[in-house]
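Visitor: Next up is a structure, given as structure tokens.
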Amino acid sequence: MCKAFGCCRLTGLALQWFINLPNVSINSFAQLTDLFIEQFASSRRLLKALDDLYKIKYRSKESLRAYIGLFLAEKVLIPSCNMETAVTVFRKGLSPSDELYKELTKFPCTNMEDVLARAWAQVKWDEDESN
């Protein structure tokens, strides 16, 4: 099983690691798998959690368009993302002095589509105003 492990399943750095193992250094398949996991455990991607969305904040130095893009990119990576919570987190990521924050607070949205419609309208308004 140890010989088949390397030739049939591994590629790239994992294969190179397997090839570089000293001869007769592995006594069992269990030992091989333990060493493999120890070597490559840090390479695996961790699943995103809803809490990761709270880390995204809109900074006045960046564009609203950039904030929306970053938020949506992170939201997509979260399995089973609760949309009601995402709506709240999106608003909380804005500064209370932002017009969009005020609008979303005065007239709350129940789904992400409505939030994005208002956000894109604000982006258009900001871009038209700056031109």
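We label chains A, B, ... in the order they appear in the structure tokens, count residues from 1 in each chain, and number ligands from 1 in the order shown.
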Which of chain A counts as alpha helix (DSSP H) under DSSP, as a PyMOL selection string please?

Guide: chain A and resi 2-9+12-19+29-40+64-76+83-92+99-106+112-130

Visitor: Name the residues in contact with A:Ala86 at a cut-off of 10 Å, using only C-alpha atoms, excluding same-chain residues fewer than 4 positions from it; report them as a VMD selection string.

Guide: chain A and resid 50 53 to 54 71 to 72 75 81 to 82 90 to 92 111 to 112 115

Visitor: So, counting only C-alpha atoms, which residue among A:Trp125, A:Leu104, A:Leu21, A:Ala119 is closest to A:Ala66?

Guide: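 The shortest atom-to-atom distance to A:Ala66 comes from A:Ala119.
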
Visitor: Measure the distance from atom CA of A:Gly93 to atom CA of A:Lys55 in Å and round it to one decimal.

Guide: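 Atom CA of A:Gly93 sits 8.0 Å away from atom CA of A:Lys55.
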
Visitor: Would you kindly return, as an mmCIF file with all heavy atoms, in the first residue's frame, each protein, DNA or RNA residue with an atom no farther than 12 Å from any atom of A:Ser25, considering only C-alpha atoms and excluding same-chain residues fewer than 6 positions away?

Guide:
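around_8.cif written:
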data_model
loop_
_atom_site.group_PDB
_atom_site.id
_atom_site.type_symbol
_atom_site.label_atom_id
_atom_site.label_comp_id
_atom_site.auth_asym_id
_atom_site.auth_seq_id
_atom_site.Cartn_x
_atom_site.Cartn_y
_atom_site.Cartn_z
ATOM 1 N N CYS A 2 1.998 1.187 0.691
ATOM 2 C CA CYS A 2 2.871 2.353 0.763
ATOM 3 C C CYS A 2 3.438 2.709 -0.612
ATOM 4 O O CYS A 2 3.522 3.871 -0.966
ATOM 5 C CB CYS A 2 4.017 2.112 1.744
ATOM 6 S SG CYS A 2 3.485 2.025 3.467
ATOM 7 N N PHE A 18 7.437 12.358 -1.098
ATOM 8 C CA PHE A 18 7.388 10.896 -1.018
ATOM 9 C C PHE A 18 8.663 10.269 -1.575
ATOM 10 O O PHE A 18 9.236 9.353 -0.980
ATOM 11 C CB PHE A 18 6.164 10.376 -1.766
ATOM 12 C CG PHE A 18 6.001 8.893 -1.700
ATOM 13 C CD1 PHE A 18 5.531 8.277 -0.550
ATOM 14 C CD2 PHE A 18 6.309 8.095 -2.793
ATOM 15 C CE1 PHE A 18 5.379 6.904 -0.486
ATOM 16 C CE2 PHE A 18 6.160 6.723 -2.738
ATOM 17 C CZ PHE A 18 5.696 6.125 -1.576
ATOM 18 N N ILE A 19 9.132 10.791 -2.705
ATOM 19 C CA ILE A 19 10.351 10.261 -3.335
ATOM 20 C C ILE A 19 11.564 10.473 -2.437
ATOM 21 O O ILE A 19 12.459 9.629 -2.365
ATOM 22 C CB ILE A 19 10.570 10.919 -4.722
ATOM 23 C CG1 ILE A 19 9.486 10.451 -5.696
ATOM 24 C CG2 ILE A 19 11.954 10.629 -5.263
ATOM 25 C CD1 ILE A 19 9.444 11.229 -7.003
ATOM 26 N N GLN A 31 1.851 4.778 9.615
ATOM 27 C CA GLN A 31 2.956 5.709 9.851
ATOM 28 C C GLN A 31 3.123 6.644 8.653
ATOM 29 O O GLN A 31 3.347 7.834 8.818
ATOM 30 C CB GLN A 31 4.255 4.939 10.116
ATOM 31 C CG GLN A 31 5.440 5.851 10.400
ATOM 32 C CD GLN A 31 6.755 5.099 10.523
ATOM 33 O OE1 GLN A 31 6.850 3.914 10.187
ATOM 34 N NE2 GLN A 31 7.777 5.790 10.986
ATOM 35 N N LEU A 32 2.994 6.091 7.450
ATOM 36 C CA LEU A 32 3.109 6.907 6.243
ATOM 37 C C LEU A 32 2.024 7.979 6.198
ATOM 38 O O LEU A 32 2.302 9.146 5.933
ATOM 39 C CB LEU A 32 3.033 6.032 4.989
ATOM 40 C CG LEU A 32 3.036 6.782 3.653
ATOM 41 C CD1 LEU A 32 4.333 7.544 3.460
ATOM 42 C CD2 LEU A 32 2.803 5.819 2.505
ATOM 43 N N LEU A 35 2.752 10.734 8.779
ATOM 44 C CA LEU A 35 3.817 11.636 8.314
ATOM 45 C C LEU A 35 3.318 12.571 7.214
ATOM 46 O O LEU A 35 3.657 13.754 7.181
ATOM 47 C CB LEU A 35 5.016 10.832 7.802
ATOM 48 C CG LEU A 35 5.916 10.210 8.857
ATOM 49 C CD1 LEU A 35 6.950 9.290 8.196
ATOM 50 C CD2 LEU A 35 6.607 11.290 9.664
#
